[in-house]
Amino acid sequence: MDYVSIRVSTLRGDQKIDFNAYIKINDKMVLYLRRGDSFEGERLKRLKDKKLRKMFILNDEESKYRDYLQKNIEMAYDERSGKDINARAEIVQGQQQSNTEEVFEDPGNVESYNNTKDAAGKYVQFLMSNSKAISAVMNISNDDCNIAHHGVTVSTLSVALAQKLNVTDPKKTQLLALGALLHDFGHYESGVALNRLTSSFTKEEMNIYTGHADLGAQKVQDKKHFDQTVINIIAQHEECIDGSGFPKGVRENQIDPLAVIVSSANALDRMITFEKMPRQDAVKKLMIDQVGRHPLNHIQFLGDILKNT
Ligand SMILES: [Fe+2]
Ligand SMILES: [Fe+2]
């Protein structure tokens with residue numbers, strides 16, 4: 001029998017699946033999720049705990065899976081669906097994460113890039129028009145420090161921050177959201193587990209770490225379908241306005257303004273996700289220990305955004 005792989009991050013929400021999902025153990029397909037199962041709350045948590053990225057379905061059930069995805073996302077974006085915002089946010093977050101993984105795995109694929117870009121535009125609307133959406137997405141914890149999930153979190157914080165800064169031009173916010181999703185492509189490419197505390201890195205790991213922004217940008221700059229703004233965000237998201245960042249150590253006037261936003265949001269989520277710091281402590285740390293590295297109003301607005309989550 002023929003199987004095709006599906007992403008676990010797309011299995012979200014209370015809609016029942018009408019296909020069977022398998023996992024591969026020692027080259028054998030084992031039935032793992034049955035027709036009739038759904039994935040909210042505890043069940044989703046258990047599934048996430050397994051840290052599985054991919055499952056398999058039978059080739060001839062692929063259209064059922066596509067229908068499931070379509071219905072799920074339509075429901076999640078429908079204001080009048082009557083569904084709980086947390087369930088909707090889980091589906092939407094899962095879709096963004098899955099899109100990000102797809103571009104990471106094959107950045108040369110024009111269709112996945114464009115798909116991810118369109119979906120990022122819709123995501124901006126979802127976040128900006130639902131006051132509770134931001135906190136619902138922020139409350140989906142990234143326990144295993146997944147880089148694509150971190151991308152979605154940084155994207156969410158960047159869009160929320162842009163809204164506070166009155167950056168609302170849909171073209172700009174779409175590229176901001178997309179660039180933030182993809183900002184750590186270099187980590188994905190380096191293949192080293194860099195999603196840990198920087199203080200625990202060896203010298204060699206530190207070199208790879210400080211090279212990730214350049215590496216990510218290099219890998220995509222020859223791809224014509226990549227927007228220049230997105231490449232800028234990948235290249236500059238670790239730069240700081242006072243020149244203390246990396247790789248170039250340039251100052252604010254040489255950084256793409258959208259990359260400055262992503263840099264602030266990224267610095268905050270680095271502490272929350274990878275250093276497991278309580279949110280308000282992370283804001284305080286940005287304010288006190290990292291003063292001058294990020295615009296003060298960014299830090300204040302990020303503090304306000306998290307206060308409401
Ligand atoms: Fe980074
Ligand atoms: Fe990051």
# chains A, B, ... in the order shown; residues from 1 in each chain; ligands from 1

$ select_by_dssp --residues "segment 7-204 of chain A" --states "alpha helix (DSSP H)" --output "ChimeraX atom specification"
/A:41-49,62-77,85-105,110-129,133-138,147-164,170-182,185-190,203-204

$ residues_near_ligand --ligand "ligand 2" --cutoff "10 Å" --atoms "only C-alpha atoms and all ligand atoms" --output "ChimeraX atom specification"
/A:147-148,150-151,153-154,180-187,195,212-213,234,237-238,262-263,265-270,273-274

$ residues_around --residues "segment 50-63 of chain A" --least-positions-apart "6" --cutoff "10 Å" --atoms "only C-alpha atoms" --output "number ranges by chain"
A: 1-10, 18-24, 29-33, 69, 98, 101, 143-144, 146

$ select_by_dssp --residues "segment 44-267 of chain A" --states "strand (DSSP E)" --output "PyMOL selection string"
chain A and resi 54-58

$ residues_around --residues "Val250 of chain A" --least-positions-apart "4" --cutoff "10 Å" --atoms "only C-alpha atoms" --output "ChimeraX atom specification"
/A:236,239-246,254-255

$ closest_residue --among "A:Val283, A:Ile288, A:Ala235, A:Val260" --to "ligand 1" --atoms "only C-alpha atoms and all ligand atoms"
A:Ala235

$ closest_residue --among "A:Thr210, A:Lys164, A:Tyr65, A:Arg80" --to "Gly303 of chain A" --atoms "only C-alpha atoms"
A:Lys164

$ closest_residue --among "A:Gly13, A:Gly94, A:Gly41, A:Gly211" --to "ligand 1" --atoms "only C-alpha atoms and all ligand atoms"
A:Gly211

$ residues_around --residues "Val159 of chain A" --least-positions-apart "2" --cutoff "7 Å" --atoms "only C-alpha atoms" --output "list in words"
Val124, Ser155, Thr156, Leu157, Leu161, Ala162, Gln163, Thr173 and Ala177 of chain A

$ write_last_selection --atoms "N, CA, C and O atoms" --output "compact mmCIF listing (two decimals), in the first residue's frame"
# COMPACT_ATOMS: atom_id res chain seq x y z
N VAL A 124 -2.41 37.90 9.64
CA VAL A 124 -2.34 39.28 10.14
C VAL A 124 -3.75 39.80 10.42
O VAL A 124 -4.02 40.38 11.48
N SER A 155 6.27 35.94 14.89
CA SER A 155 5.39 36.57 13.92
C SER A 155 4.19 37.23 14.64
O SER A 155 3.82 38.36 14.36
N THR A 156 3.63 36.51 15.58
CA THR A 156 2.48 37.01 16.34
C THR A 156 2.84 38.27 17.12
O THR A 156 2.13 39.28 17.07
N LEU A 157 3.96 38.21 17.83
CA LEU A 157 4.41 39.37 18.61
C LEU A 157 4.77 40.54 17.69
O LEU A 157 4.50 41.70 18.01
N LEU A 161 3.00 44.12 17.77
CA LEU A 161 3.83 45.31 17.99
C LEU A 161 3.64 46.31 16.85
O LEU A 161 3.50 47.52 17.09
N ALA A 162 3.58 45.82 15.62
CA ALA A 162 3.37 46.71 14.47
C ALA A 162 2.04 47.46 14.61
O ALA A 162 1.97 48.66 14.32
N GLN A 163 1.04 46.76 15.10
CA GLN A 163 -0.27 47.39 15.28
C GLN A 163 -0.17 48.56 16.27
O GLN A 163 -0.71 49.62 16.04
N THR A 173 2.68 44.57 6.57
CA THR A 173 2.44 43.64 7.68
C THR A 173 2.50 42.19 7.21
O THR A 173 2.92 41.31 7.95
N ALA A 177 5.03 39.60 8.84
CA ALA A 177 4.59 38.31 9.40
C ALA A 177 5.34 37.15 8.74
O ALA A 177 5.80 36.23 9.43

$ atom_distance --atom1 "atom CA of Met271 of chain A" --atom2 "atom CA of Lys285 of chain A"
9.0 Å

$ residues_around --residues "Ile17 of chain A" --least-positions-apart "2" --cutoff "6 Å" --atoms "only C-alpha atoms" --output "compact mmCIF listing (two decimals) with C-alpha atoms, in the first residue's frame"
# COMPACT_ATOMS: atom_id res chain seq x y z
CA PHE A 19 -9.03 9.09 7.63
CA ARG A 35 -11.07 7.75 11.92
CA GLY A 36 -13.34 9.61 14.35
CA ASP A 37 -10.58 11.07 16.53
